[in-house]
$ cat work_9.txt   # compact mmCIF, C-alpha atoms
# COMPACT_ATOMS: atom_id res chain seq x y z
CA MET A 243 -21.27 29.61 35.54
CA ARG A 244 -18.46 27.09 35.64
CA GLY A 245 -20.57 24.66 33.62
CA PHE A 246 -21.31 27.39 31.11
CA PHE A 247 -17.63 28.01 30.41
CA LEU A 248 -17.04 24.27 30.32
CA PHE A 249 -19.61 24.01 27.52
CA LEU A 250 -17.82 26.75 25.58
CA LEU A 251 -14.40 25.15 26.06
CA VAL A 252 -15.73 21.76 24.97
CA GLY A 253 -17.39 23.49 21.99
CA ILE A 254 -14.11 25.06 20.90
CA PHE A 255 -12.36 21.73 21.36
CA PHE A 256 -15.01 19.97 19.27
CA ALA A 257 -14.73 22.64 16.53
CA LEU A 258 -10.96 22.17 16.41
CA VAL A 259 -11.36 18.40 16.22
CA GLN A 260 -13.93 18.73 13.43
CA SER A 261 -11.73 21.12 11.48
CA GLY A 262 -8.27 19.73 12.10
CA VAL A 263 -8.44 16.07 13.11
CA LEU A 264 -11.52 14.38 11.63
CA PRO A 265 -10.75 15.49 8.03
CA LEU A 266 -7.55 13.46 8.24
CA PHE A 267 -9.51 10.23 8.71
CA LEU A 268 -13.06 10.74 7.47
CA THR A 269 -14.71 12.02 4.31
CA PRO A 270 -17.05 15.03 4.85
CA ASN A 271 -20.25 12.97 4.91
CA TRP A 272 -18.95 10.62 7.58
CA ARG A 273 -17.72 13.32 9.96
CA PRO A 274 -19.97 13.59 13.02
CA ASN A 275 -21.21 17.03 14.05
CA LEU A 276 -19.90 17.04 17.60
CA ILE A 277 -21.14 20.56 18.31
CA LEU A 278 -24.69 19.58 17.36
CA ILE A 279 -24.55 16.77 19.92
CA LEU A 280 -23.31 19.28 22.48
CA ILE A 281 -26.10 21.69 21.58
CA LEU A 282 -28.73 18.98 22.04
CA TYR A 283 -27.31 18.05 25.42
CA LEU A 284 -27.22 21.73 26.30
CA GLY A 285 -30.89 22.05 25.40
CA LEU A 286 -31.71 19.15 27.69
CA SER A 287 -29.61 19.99 30.69
CA GLU A 288 -29.17 23.75 31.17
CA ASN A 289 -31.80 26.34 32.05
CA LEU A 290 -33.25 28.08 29.04
CA VAL A 291 -31.42 31.42 29.26
CA ARG A 292 -28.04 29.84 29.82
CA ALA A 293 -28.68 27.27 27.08
CA LEU A 294 -29.63 30.00 24.61
CA VAL A 295 -26.58 32.15 25.35
CA ALA A 296 -24.25 29.14 25.15
CA GLY A 297 -26.03 28.02 21.98
CA LEU A 298 -25.50 31.40 20.33
CA LEU A 299 -21.80 31.38 21.21
CA LEU A 300 -21.36 27.78 20.06
CA GLY A 301 -23.15 28.67 16.83
CA ALA A 302 -20.76 31.56 16.31
CA ILE A 303 -17.82 29.25 16.98
CA GLN A 304 -19.08 26.74 14.41
CA ASP A 305 -19.74 29.56 11.93
CA SER A 306 -16.12 30.63 12.36
CA PHE A 307 -14.93 27.15 11.50
CA CYS A 308 -17.07 26.52 8.47
CA GLY A 309 -18.85 28.03 5.53
CA PRO A 310 -18.58 31.51 4.14
CA SER A 311 -20.81 33.54 6.44
CA LEU A 312 -21.34 34.16 10.16
CA GLY A 313 -24.86 33.73 11.46
CA LEU A 314 -26.06 30.52 9.83
CA TYR A 315 -25.26 28.17 12.67
CA ILE A 316 -26.15 30.81 15.30
CA SER A 317 -29.69 30.83 13.97
CA VAL A 318 -29.87 27.07 13.36
CA TYR A 319 -28.66 26.19 16.86
CA LEU A 320 -31.00 28.72 18.44
CA ILE A 321 -33.96 27.00 16.80
CA ILE A 322 -32.64 23.54 17.71
CA ILE A 323 -32.29 24.51 21.39
CA LEU A 324 -35.79 25.94 21.48
CA VAL A 325 -37.30 22.86 19.86
CA THR A 326 -35.30 20.56 22.14
CA ARG A 327 -36.51 22.45 25.21
CA LEU A 328 -40.06 22.24 23.94
CA LEU A 329 -39.77 18.48 23.48
CA SER A 330 -37.84 17.77 26.65
CA ASP A 331 -40.75 18.99 28.75
CA GLN A 332 -43.07 16.51 27.03
CA LEU A 333 -40.85 13.42 26.72
CA ASN A 334 -38.94 11.10 28.99
CA ILE A 335 -35.51 12.15 27.86
CA GLU A 336 -33.83 9.72 30.26
CA SER A 337 -34.66 6.86 27.90
CA PRO A 338 -31.51 6.03 25.86
CA PRO A 339 -33.43 5.12 22.66
CA LEU A 340 -35.29 8.39 22.93
CA LEU A 341 -32.02 10.26 23.33
CA LEU A 342 -30.79 8.69 20.11
CA LEU A 343 -34.03 9.62 18.41
CA LEU A 344 -33.49 13.16 19.62
CA ILE A 345 -30.03 13.14 18.01
CA ALA A 346 -31.57 11.85 14.78
CA GLY A 347 -34.27 14.51 14.93
CA GLY A 348 -31.69 17.19 15.64
CA THR A 349 -29.60 16.08 12.66
CA LEU A 350 -32.61 16.15 10.34
CA LEU A 351 -33.74 19.53 11.64
CA GLN A 352 -30.24 20.97 11.24
CA ASN A 353 -29.98 19.75 7.65
CA PHE A 354 -33.43 21.08 6.84
CA LEU A 355 -32.66 24.50 8.34
CA ILE A 356 -29.26 24.78 6.63
CA GLY A 357 -30.79 23.78 3.30
CA PHE A 358 -33.60 26.26 3.80
CA TYR A 359 -31.35 29.16 4.79
CA LEU A 360 -28.83 28.54 2.00
CA THR A 361 -31.49 28.10 -0.66
CA VAL A 362 -33.67 31.01 0.34
CA PHE A 363 -31.23 33.56 1.68
CA ALA A 364 -27.85 32.71 0.13
CA GLU A 365 -29.10 31.54 -3.27
CA ALA A 366 -26.86 28.52 -2.94
CA ALA A 367 -29.41 25.96 -4.02
CA PRO A 368 -26.72 23.56 -5.35
CA VAL A 369 -25.89 22.90 -1.70
CA LEU A 370 -28.87 20.52 -1.72
CA HIS A 371 -26.79 18.25 -3.98
CA THR A 372 -24.37 17.99 -1.08
CA LEU A 373 -26.79 18.01 1.84
CA LEU A 374 -29.47 15.54 0.79
CA PRO A 375 -27.31 12.52 -0.18
CA ALA A 376 -25.30 12.95 3.01
CA ILE A 377 -28.26 12.74 5.40
CA PRO A 378 -28.25 8.94 5.95
CA GLN A 379 -24.53 8.95 6.66
CA GLN A 380 -24.87 11.98 8.93
CA LEU A 381 -27.71 10.32 10.85
CA LEU A 382 -25.71 7.17 11.38
CA THR A 383 -22.45 8.86 12.31
CA ASN A 384 -24.08 11.37 14.67
CA MET A 385 -26.08 8.67 16.46
CA VAL A 386 -23.10 6.36 16.84
CA THR A 387 -20.91 9.22 18.07
CA ALA A 388 -23.58 10.40 20.52
CA LEU A 389 -23.96 6.86 21.85
CA LEU A 390 -20.20 6.53 22.33
CA LEU A 391 -19.97 9.91 24.02
CA LEU A 392 -22.88 9.03 26.34
CA ILE A 393 -21.33 5.70 27.28
CA PHE A 394 -17.97 7.38 27.84
CA LEU A 395 -19.46 10.15 29.99
CA LEU A 396 -21.59 7.82 32.11
CA ARG A 397 -18.76 5.36 32.67
CA PHE A 398 -16.19 7.97 33.60
CA GLN A 399 -18.40 10.58 35.24
CA LYS A 400 -16.71 10.06 38.60
CA LEU A 401 -13.40 11.10 37.10
CA PHE A 402 -14.93 14.38 35.95
CA GLY A 403 -16.25 15.13 39.43
CA TYR A 404 -19.98 14.89 38.76
CA ARG A 405 -21.20 14.10 42.25
CA SER A 406 -24.92 14.34 41.60
CA GLY A 407 -24.84 12.82 38.12
CA LEU A 408 -24.87 14.34 34.67
CA ALA A 409 -27.18 17.29 34.33
CA GLY A 410 -30.36 16.30 32.52
CA LEU A 411 -29.57 12.62 32.88
CA ILE A 412 -29.96 12.13 36.61
CA TYR A 413 -31.56 8.68 36.47
CA GLN A 414 -28.98 7.28 34.08
CA SER A 415 -26.15 8.81 36.08
CA LYS A 416 -27.39 7.11 39.24
CA HIS A 417 -27.88 3.90 37.33
CA HIS A 418 -24.17 4.02 36.45
CA GLY A 419 -23.02 4.55 40.00
CA THR A 420 -23.01 8.25 40.79
CA MET B 299 95.30 -41.96 18.33
CA ARG B 300 92.52 -44.07 19.76
CA GLU B 301 93.37 -42.68 23.15
CA LEU B 302 93.20 -39.16 21.76
CA LEU B 303 89.79 -39.77 20.16
CA ARG B 304 88.45 -41.27 23.35
CA ARG B 305 89.76 -38.35 25.31
CA TYR B 306 88.21 -35.66 23.10
CA ARG B 307 85.20 -37.60 21.76
CA PHE B 308 82.66 -35.34 23.25
CA LEU B 309 84.35 -32.27 21.88
CA LEU B 310 84.67 -33.84 18.49
CA LEU B 311 81.04 -34.95 18.43
CA ALA B 312 80.00 -31.46 19.33
CA VAL B 313 82.08 -29.88 16.61
CA ILE B 314 80.82 -32.36 14.02
CA LEU B 315 77.21 -31.74 14.99
CA VAL B 316 77.63 -27.98 14.92
CA LEU B 317 79.34 -28.17 11.56
CA GLY B 318 76.66 -30.52 10.26
CA THR B 319 73.91 -28.17 11.26
CA VAL B 320 75.78 -25.24 9.77
CA VAL B 321 76.17 -27.15 6.53
CA LEU B 322 72.52 -28.12 6.59
CA TYR B 323 71.52 -24.55 7.23
CA SER B 324 73.83 -23.32 4.48
CA TYR B 325 72.36 -25.83 2.10
CA ASN B 326 68.80 -24.92 2.95
CA LEU B 327 69.52 -21.26 2.56
CA ARG B 328 69.92 -22.00 -1.12
CA GLN B 329 66.75 -24.09 -1.29
CA LYS B 330 64.28 -21.61 0.17
CA THR B 331 61.23 -22.72 -1.77
CA ALA B 332 61.83 -26.44 -1.57
CA THR B 333 60.06 -28.39 1.14
CA THR B 334 62.13 -31.08 2.70
CA PHE B 335 60.79 -34.46 3.53
CA PHE B 336 61.00 -33.65 7.18
CA GLU B 337 59.18 -30.45 6.89
CA ARG B 338 56.51 -32.11 4.82
CA ALA B 339 56.14 -34.90 7.35
CA VAL B 340 55.84 -32.52 10.24
CA LEU B 341 53.33 -30.40 8.49
CA THR B 342 51.30 -33.42 7.48
CA PHE B 343 51.32 -34.77 10.95
CA ALA B 344 50.55 -31.47 12.65
CA SER B 345 47.84 -30.35 10.29
CA PRO B 346 44.84 -32.22 11.79
CA PHE B 347 45.86 -31.23 15.27
CA LEU B 348 46.27 -27.61 14.36
CA SER B 349 42.98 -27.66 12.59
CA THR B 350 41.18 -29.24 15.52
CA LEU B 351 42.82 -26.86 17.93
CA ASP B 352 41.91 -23.90 15.80
CA ASN B 353 38.30 -25.00 15.61
CA ALA B 354 38.18 -25.54 19.32
CA VAL B 355 39.54 -22.07 19.94
CA ASP B 356 37.03 -20.63 17.53
CA VAL B 357 34.15 -22.47 19.17
CA THR B 358 35.31 -21.47 22.63
CA THR B 359 35.72 -17.85 21.60
CA ALA B 360 32.32 -17.89 19.96
CA VAL B 361 30.62 -19.50 22.95
CA TRP B 362 32.32 -17.09 25.28
CA GLY B 363 31.63 -14.07 23.18
CA ASN B 364 28.09 -14.92 22.10
CA TYR B 365 26.64 -16.72 25.10
CA LEU B 366 28.74 -16.15 28.20
CA TRP B 367 30.40 -12.71 28.05
CA LEU B 368 27.29 -10.64 27.23
CA VAL B 369 27.85 -7.65 29.47
CA ASP B 370 27.59 -5.05 26.65
CA THR B 371 25.28 -6.89 24.32
CA ARG B 372 21.95 -5.68 25.75
CA GLN B 373 23.13 -2.09 25.87
CA ARG B 374 24.47 -2.35 22.33
CA ASN B 375 21.24 -3.93 21.19
CA ILE B 376 19.19 -1.09 22.70
CA LYS B 377 21.56 1.47 21.22
CA LEU B 378 21.39 -0.13 17.78
CA GLU B 379 17.60 -0.39 17.93
CA ASN B 380 17.41 3.30 18.82
CA GLU B 381 19.77 4.15 16.00
CA ASN B 382 17.70 1.99 13.67
CA GLN B 383 14.50 3.78 14.66
CA GLN B 384 16.13 7.18 14.25
CA LEU B 385 17.44 6.22 10.83
CA ARG B 386 14.02 4.92 9.79
CA ALA B 387 12.41 8.17 10.95
CA GLN B 388 15.03 10.19 9.07
CA LEU B 389 14.47 8.08 5.97
CA GLN B 390 10.72 8.68 6.16
CA GLN B 391 11.36 12.40 6.62
CA VAL B 392 13.62 12.41 3.58
CA GLN B 393 10.98 10.59 1.54
CA GLU B 394 8.33 13.05 2.74
CA ILE B 395 10.57 16.02 1.92
CA THR B 396 11.30 14.54 -1.50
CA LEU B 397 7.59 14.27 -2.25
CA GLN B 398 6.95 17.76 -0.89
CA ASN B 399 9.82 19.06 -2.97
CA LYS B 400 8.28 17.59 -6.11
CA ARG B 401 4.86 19.07 -5.31
CA LEU B 402 6.40 22.49 -4.63
CA ARG B 403 8.41 22.35 -7.86
CA ASP B 404 5.22 21.59 -9.79
CA LEU B 405 3.51 24.44 -7.97
CA LEU B 406 6.35 26.86 -8.72
CA ASN B 407 6.43 25.85 -12.38
CA PHE B 408 2.70 26.44 -12.56
CA VAL B 409 2.98 29.89 -10.94
CA ASP B 410 6.00 30.81 -13.09
CA GLU B 411 3.79 30.42 -16.14
CA LEU B 412 1.36 32.96 -14.67
CA ASP B 413 3.95 35.75 -14.47
CA ARG B 414 2.38 36.98 -11.24
CA ALA B 415 3.73 37.14 -7.70
CA ALA B 416 2.48 34.31 -5.51
CA LEU B 417 2.81 33.30 -1.89
CA PRO B 418 3.07 29.62 -0.91
CA ALA B 419 0.86 28.39 1.92
CA GLN B 420 0.13 25.17 3.74
CA VAL B 421 -3.37 23.76 4.21
CA ILE B 422 -3.90 23.47 7.98
CA GLY B 423 -7.60 22.76 8.33
CA GLU B 424 -10.83 21.90 6.59
CA ASP B 425 -14.42 22.93 6.98
CA ALA B 426 -16.13 21.83 10.19
CA SER B 427 -19.37 21.02 8.38
CA ASN B 428 -20.20 18.39 5.79
CA TRP B 429 -21.94 20.70 3.33
CA ALA B 430 -19.55 23.65 2.95
CA ARG B 431 -16.25 23.26 1.11
CA THR B 432 -13.61 25.52 2.61
CA ILE B 433 -10.04 25.06 3.78
CA VAL B 434 -7.82 27.00 6.17
CA ILE B 435 -4.30 28.03 5.10
CA ASP B 436 -1.43 29.16 7.31
CA LYS B 437 -0.95 32.64 5.81
CA GLY B 438 -2.97 35.73 6.67
CA SER B 439 -3.05 39.50 6.70
CA GLN B 440 0.41 39.67 8.32
CA ASP B 441 1.77 38.01 5.19
CA GLY B 442 0.09 40.55 2.96
CA LEU B 443 -3.00 38.56 2.06
CA SER B 444 -6.49 39.98 1.78
CA SER B 445 -10.00 38.75 1.05
CA GLY B 446 -10.77 37.90 -2.55
CA LEU B 447 -7.28 36.80 -3.58
CA PRO B 448 -7.23 33.73 -5.84
CA VAL B 449 -5.66 30.50 -4.60
CA VAL B 450 -4.21 27.93 -6.99
CA ALA B 451 -2.39 24.60 -6.92
CA ALA B 452 -0.21 22.89 -9.51
CA GLN B 453 -3.24 21.22 -11.13
CA GLY B 454 -5.44 24.31 -11.33
CA VAL B 455 -7.72 26.66 -9.41
CA VAL B 456 -8.36 25.94 -5.71
CA GLY B 457 -10.64 28.88 -4.81
CA ARG B 458 -10.45 32.33 -3.30
CA ILE B 459 -9.87 33.77 0.14
CA ILE B 460 -13.10 34.70 1.93
CA LYS B 461 -12.00 35.24 5.54
CA ILE B 462 -8.75 36.68 6.71
CA ALA B 463 -7.00 36.58 10.09
CA PRO B 464 -3.47 37.76 11.00
CA ASN B 465 -1.93 34.30 10.61
CA SER B 466 -4.50 32.27 8.72
CA SER B 467 -7.13 32.54 6.02
CA ARG B 468 -10.22 30.64 4.98
CA VAL B 469 -10.44 29.71 1.31
CA LEU B 470 -13.75 29.02 -0.43
CA LEU B 471 -13.15 26.06 -2.73
CA ILE B 472 -14.53 26.04 -6.26
CA THR B 473 -16.60 22.98 -5.29
CA ASP B 474 -18.57 24.91 -2.66
CA ALA B 475 -22.20 25.50 -3.58
CA SER B 476 -21.83 29.26 -3.13
CA SER B 477 -18.83 29.48 -5.47
CA ALA B 478 -19.35 30.79 -9.00
CA ILE B 479 -16.55 31.42 -11.52
CA ALA B 480 -16.70 32.67 -15.08
CA ALA B 481 -15.26 29.94 -17.27
CA LEU B 482 -14.90 28.77 -20.84
CA ILE B 483 -14.38 25.50 -22.63
CA GLN B 484 -10.76 25.57 -23.79
CA ARG B 485 -11.39 23.82 -27.13
CA THR B 486 -14.42 25.77 -28.35
CA ARG B 487 -14.18 28.93 -26.17
CA THR B 488 -17.81 28.40 -25.09
CA ARG B 489 -18.59 30.55 -22.07
CA GLY B 490 -20.40 29.58 -18.89
CA VAL B 491 -20.45 29.95 -15.13
CA VAL B 492 -18.92 27.16 -13.05
CA ARG B 493 -20.70 26.42 -9.79
CA GLY B 494 -19.68 23.99 -7.07
CA ARG B 495 -21.79 20.96 -6.25
CA GLY B 496 -19.90 19.62 -3.23
CA ASP B 497 -17.64 17.12 -4.95
CA ASP B 498 -17.95 18.18 -8.59
CA LEU B 499 -18.85 21.19 -10.72
CA SER B 500 -21.77 22.21 -12.90
CA ILE B 501 -21.57 24.64 -15.81
CA GLU B 502 -24.47 27.03 -15.97
CA TYR B 503 -25.56 29.20 -18.87
CA ALA B 504 -23.82 27.06 -21.48
CA LEU B 505 -25.95 27.57 -24.60
CA ARG B 506 -27.75 24.52 -25.91
CA THR B 507 -26.22 24.99 -29.34
CA ALA B 508 -22.67 25.18 -28.01
CA ASP B 509 -20.26 22.36 -28.87
CA ILE B 510 -19.27 20.75 -25.55
CA GLN B 511 -17.95 17.20 -25.35
CA VAL B 512 -16.95 14.87 -22.55
CA GLY B 513 -13.23 15.27 -21.85
CA ASP B 514 -13.08 18.97 -22.77
CA LEU B 515 -10.96 21.08 -20.44
CA LEU B 516 -12.67 23.86 -18.55
CA VAL B 517 -10.54 26.95 -17.81
CA THR B 518 -11.07 30.33 -16.18
CA SER B 519 -12.21 33.02 -18.58
CA GLY B 520 -10.55 35.91 -16.74
CA MET B 521 -13.89 37.75 -16.53
CA GLY B 522 -14.57 39.26 -13.13
CA GLY B 523 -10.94 40.02 -12.48
CA VAL B 524 -10.42 37.54 -9.64
CA PHE B 525 -8.75 34.65 -11.47
CA PRO B 526 -6.18 35.01 -14.25
CA LYS B 527 -7.33 33.74 -17.62
CA GLY B 528 -6.69 30.17 -18.69
CA LEU B 529 -6.28 28.38 -15.36
CA PRO B 530 -7.62 24.79 -15.39
CA LEU B 531 -10.84 24.25 -13.44
CA GLY B 532 -12.02 20.80 -14.42
CA THR B 533 -12.73 18.25 -17.10
CA ILE B 534 -16.19 17.79 -18.59
CA ASP B 535 -17.60 14.41 -17.58
CA ALA B 536 -21.30 14.67 -18.55
CA VAL B 537 -23.29 16.63 -21.11
CA LYS B 538 -27.07 16.49 -21.29
CA LYS B 539 -29.24 18.36 -23.77
CA ASP B 540 -32.99 18.48 -23.20
CA GLN B 541 -35.37 18.82 -26.12
CA PHE B 542 -36.33 22.28 -25.01
CA GLY B 543 -34.62 25.09 -23.12
CA LEU B 544 -31.92 27.60 -23.79
CA PHE B 545 -29.08 25.87 -21.97
CA GLN B 546 -27.57 22.41 -21.71
CA GLN B 547 -26.69 20.62 -18.47
CA VAL B 548 -22.97 20.13 -18.16
CA ASN B 549 -21.05 18.58 -15.27
CA ALA B 550 -17.30 18.59 -14.70
CA THR B 551 -14.77 16.95 -12.41
CA PRO B 552 -12.30 19.35 -10.76
CA THR B 553 -8.71 18.99 -11.89
CA ILE B 554 -7.65 19.11 -8.25
CA ASP B 555 -8.18 16.30 -5.76
CA PHE B 556 -9.20 18.44 -2.80
CA SER B 557 -8.99 15.56 -0.34
CA HIS B 558 -5.21 15.42 -0.88
CA LEU B 559 -4.47 19.13 -1.05
CA GLU B 560 -1.48 20.11 1.12
CA GLU B 561 0.26 23.12 -0.45
CA VAL B 562 -1.27 26.00 -2.38
CA MET B 563 -0.20 29.32 -3.87
CA VAL B 564 -2.01 32.55 -3.21
CA ILE B 565 -1.70 34.89 -6.20
CA VAL B 566 -0.94 38.30 -4.73
CA GLY B 567 0.49 40.20 -7.70
CA GLU B 568 -1.36 42.10 -10.40
CA ASP B 569 -1.62 40.79 -13.92
CA ASP B 570 1.42 41.98 -15.93
CA GLN B 571 -0.27 41.45 -19.26

$ encode --input "work_9.txt" --output "structure tokens"
Amino acid sequence: MRGFFLFLLVGIFFALVQSGVLPLFLTPNWRPNLILILILYLGLSENLVRALVAGLLLGAIQDSFCGPSLGLYISVYLIIILVTRLLSDQLNIESPPLLLLLIAGGTLLQNFLIGFYLTVFAEAAPVLHTLLPAIPQQLLTNMVTALLLLIFLLRFQKLFGYRSGLAGLIYQSKHHGT
Amino acid sequence: MRELLRRYRFLLLAVILVLGTVVLYSYNLRQKTATTFFERAVLTFASPFLSTLDNAVDVTTAVWGNYLWLVDTRQRNIKLENENQQLRAQLQQVQEITLQNKRLRDLLNFVDELDRAALPAQVIGEDASNWARTIVIDKGSQDGLSSGLPVVAAQGVVGRIIKIAPNSSRVLLITDASSAIAALIQRTRTRGVVRGRGDDLSIEYALRTADIQVGDLLVTSGMGGVFPKGLPLGTIDAVKKDQFGLFQQVNATPTIDFSHLEEVMVIVGEDDQ
């Protein structure tokens, strides 16, 4: 339960950073989606029910910080968590390159779903003019940010009190000394 | 007589000397500005010594003051550095306030021309996604705002409020893909609907036969009742006419640079006209 609330707090913190801090330094296309990275990690590490509930709440938080309507990110993140869970049972998610591929896949899936929802349901087809050209930059920035976050977490996991390693990344946690 | 002189010679010498000095003094009292030979000689002789002595004193004082007696210097240095930093910070604040003052004056002038009540607001956040174009302002329902109110800046239309909280509001920018505003070309009064494309605008439903040229100013038409008529939206930067079809493809650049937007005005009053 403590981990669940920690996810929510980190999600709110990430949303605030994305809304209030990153715009000061980065243009929209180069801003990483920190909550998406959190959602993917959530899909890998938590049990399904807890991951889904946290995903819904994080989606609602992101919806509150962007766009005109509530529900878009709730639905998108729900699908991303389900797909991630489906894949995580089949793949060796402890492999760092595979983790980065997962981030890339998550970014592509998110863009596809947002484009689909906005085009079909919101009749905001011009959003594709914004979404499509930004995909390469989004891929790069999300992967680099995820890599930095992973390195940071693994290096400083002892400070955060993770005695048995990071959830979902047990082998890598042990490899880095926990 | 000789005996008398010998007897009182000392007294006589003294009287003569005193009288001589008195005479000399009396004489010199009349010659105030004239320099005597003696005086000139003394001054000439003393000058190099005085000069050397003066320099020596200066050097000694300087060495003492600058290199030996430095008890207060470090403290003074720290104090002056602090003062310097504070003054620099104050200067930067003044410069920032000056720039803000200019922006607000432009904004007020713009709103004055509208003849409608407006509420100033600060931009405090941007959209957390890369595809939507919204901003967060620091005024909300407690300040009398409500959803749908138009938001403008000195250069033109910013957007309209779509979400409202007690102390903040979310504004949908005109560049957002879900934004659509009735507009017209100022020069020819050609009508169309302006839609956002992320960073620029497209004009839909502009008839193929309509006269639209690059550089034309695009303004709000006032239709729909959200935005007052005649507010600048953008400048036409591309016009493309296909061989067939009812409409032409027109793109425009917003008059506002949304990446540098800091203050806006929310139009709260009704149209007086």

$ residues_around --input "work_9.txt" --residues "Thr383 of chain A" --least-positions-apart "4" --cutoff "8 Å" --atoms "only C-alpha atoms" --output "list in words"
Trp272, Arg273, Pro274, Gln379 and Thr387 of chain A

$ interface_residues --input "work_9.txt" --of "chain B" --to "chain A" --cutoff "9 Å" --atoms "all atoms listed in the file" --output "ChimeraX atom specification"
/B:422-434,460-461,468-470,474-477,493-497,557

$ atom_distance --input "work_9.txt" --atom1 "atom CA of Val524 of chain B" --atom2 "atom CA of Gly446 of chain B"
7.1 Å

$ residues_around --input "work_9.txt" --residues "Leu342 of chain A" --least-positions-apart "4" --cutoff "7 Å" --atoms "only C-alpha atoms" --output "MDAnalysis selection string"
chainID A and resid 338 346 385

$ closest_residue --input "work_9.txt" --among "B:Gln541, B:Gln547, B:Asn465, B:Ser439" --to "Tyr503 of chain B" --atoms "all atoms listed in the file"
B:Gln547

$ residues_around --input "work_9.txt" --residues "Ile303 of chain A" --least-positions-apart "4" --cutoff "9 Å" --atoms "only C-alpha atoms" --output "list of chain:residue names"
A:Leu250, A:Gly253, A:Ile254, A:Ala257, A:Leu298, A:Leu299, A:Phe307, A:Cys308, A:Tyr315, A:Ile316

$ write_last_selection --input "work_9.txt" --atoms "C-alpha atoms" --output "JSON list (two decimals), in the coordinates of the input"
[["chain", "number", "residue", "atom", "x", "y", "z"],
["A", 250, "LEU", "CA", -17.82, 26.75, 25.58],
["A", 253, "GLY", "CA", -17.39, 23.49, 21.99],
["A", 254, "ILE", "CA", -14.11, 25.06, 20.90],
["A", 257, "ALA", "CA", -14.73, 22.64, 16.53],
["A", 298, "LEU", "CA", -25.50, 31.40, 20.33],
["A", 299, "LEU", "CA", -21.80, 31.38, 21.21],
["A", 307, "PHE", "CA", -14.93, 27.15, 11.50],
["A", 308, "CYS", "CA", -17.07, 26.52, 8.47],
["A", 315, "TYR", "CA", -25.26, 28.17, 12.67],
["A", 316, "ILE", "CA", -26.15, 30.81, 15.30]]

$ atom_distance --input "work_9.txt" --atom1 "atom CA of Ala302 of chain A" --atom2 "atom CA of Ile459 of chain B"
19.6 Å

$ residues_around --input "work_9.txt" --residues "Gln420 of chain B" --least-positions-apart "3" --cutoff "7 Å" --atoms "all atoms listed in the file" --output "VMD selection string"
chain B and resid 435 to 436 560 to 562

$ atom_distance --input "work_9.txt" --atom1 "atom CA of Ile483 of chain B" --atom2 "atom CA of Phe545 of chain B"
14.7 Å

$ axis_aligned_box --input "work_9.txt" --around "segment 244-249 of chain A" --padding-each-side "6 Å" --output "JSON"
{"center_x": -19.2, "center_y": 26.0, "center_z": 31.6, "size_x": 16.3, "size_y": 16.0, "size_z": 20.1}

$ residues_around --input "work_9.txt" --residues "segment 403-408 of chain B" --least-positions-apart "4" --cutoff "8 Å" --atoms "all atoms listed in the file" --output "compact mmCIF listing (two decimals) with C-alpha atoms, in the frame of the given file"
# COMPACT_ATOMS: atom_id res chain seq x y z
CA ASN B 399 9.82 19.06 -2.97
CA LEU B 412 1.36 32.96 -14.67
CA ALA B 451 -2.39 24.60 -6.92
CA ALA B 452 -0.21 22.89 -9.51
CA VAL B 562 -1.27 26.00 -2.38
CA MET B 563 -0.20 29.32 -3.87

$ decode --input "work_9.txt" --residues "segment 333-342 of chain A" --atoms "N, CA and C atoms" --output "PDB file, in the first residue's frame"
ATOM      1  N   LEU A 333       8.771 -11.711 -21.952  1.00  0.00           N
ATOM      2  CA  LEU A 333      10.127 -11.226 -22.242  1.00  0.00           C
ATOM      3  C   LEU A 333      10.981 -11.121 -20.989  1.00  0.00           C
ATOM      4  N   ASN A 334      12.289 -11.105 -21.223  1.00  0.00           N
ATOM      5  CA  ASN A 334      13.212 -10.896 -20.113  1.00  0.00           C
ATOM      6  C   ASN A 334      13.352  -9.390 -19.886  1.00  0.00           C
ATOM      7  N   ILE A 335      12.503  -8.873 -19.033  1.00  0.00           N
ATOM      8  CA  ILE A 335      12.476  -7.423 -18.862  1.00  0.00           C
ATOM      9  C   ILE A 335      13.665  -6.892 -18.063  1.00  0.00           C
ATOM     10  N   GLU A 336      14.490  -7.819 -17.525  1.00  0.00           N
ATOM     11  CA  GLU A 336      15.667  -7.360 -16.781  1.00  0.00           C
ATOM     12  C   GLU A 336      16.777  -6.858 -17.710  1.00  0.00           C
ATOM     13  N   SER A 337      16.647  -7.145 -18.997  1.00  0.00           N
ATOM     14  CA  SER A 337      17.680  -6.713 -19.935  1.00  0.00           C
ATOM     15  C   SER A 337      17.534  -5.209 -20.204  1.00  0.00           C
ATOM     16  N   PRO A 338      18.582  -4.417 -19.916  1.00  0.00           N
ATOM     17  CA  PRO A 338      18.467  -2.956 -20.116  1.00  0.00           C
ATOM     18  C   PRO A 338      18.071  -2.550 -21.532  1.00  0.00           C
ATOM     19  N   PRO A 339      18.675  -3.161 -22.596  1.00  0.00           N
ATOM     20  CA  PRO A 339      18.236  -2.747 -23.940  1.00  0.00           C
ATOM     21  C   PRO A 339      16.746  -3.025 -24.163  1.00  0.00           C
ATOM     22  N   LEU A 340      16.284  -4.132 -23.581  1.00  0.00           N
ATOM     23  CA  LEU A 340      14.878  -4.463 -23.757  1.00  0.00           C
ATOM     24  C   LEU A 340      13.980  -3.461 -23.019  1.00  0.00           C
ATOM     25  N   LEU A 341      14.475  -3.014 -21.880  1.00  0.00           N
ATOM     26  CA  LEU A 341      13.724  -1.985 -21.136  1.00  0.00           C
ATOM     27  C   LEU A 341      13.579  -0.717 -21.974  1.00  0.00           C
ATOM     28  N   LEU A 342      14.674  -0.353 -22.633  1.00  0.00           N
ATOM     29  CA  LEU A 342      14.617   0.843 -23.485  1.00  0.00           C
ATOM     30  C   LEU A 342      13.688   0.633 -24.670  1.00  0.00           C
TER      31      LEU A 342
END
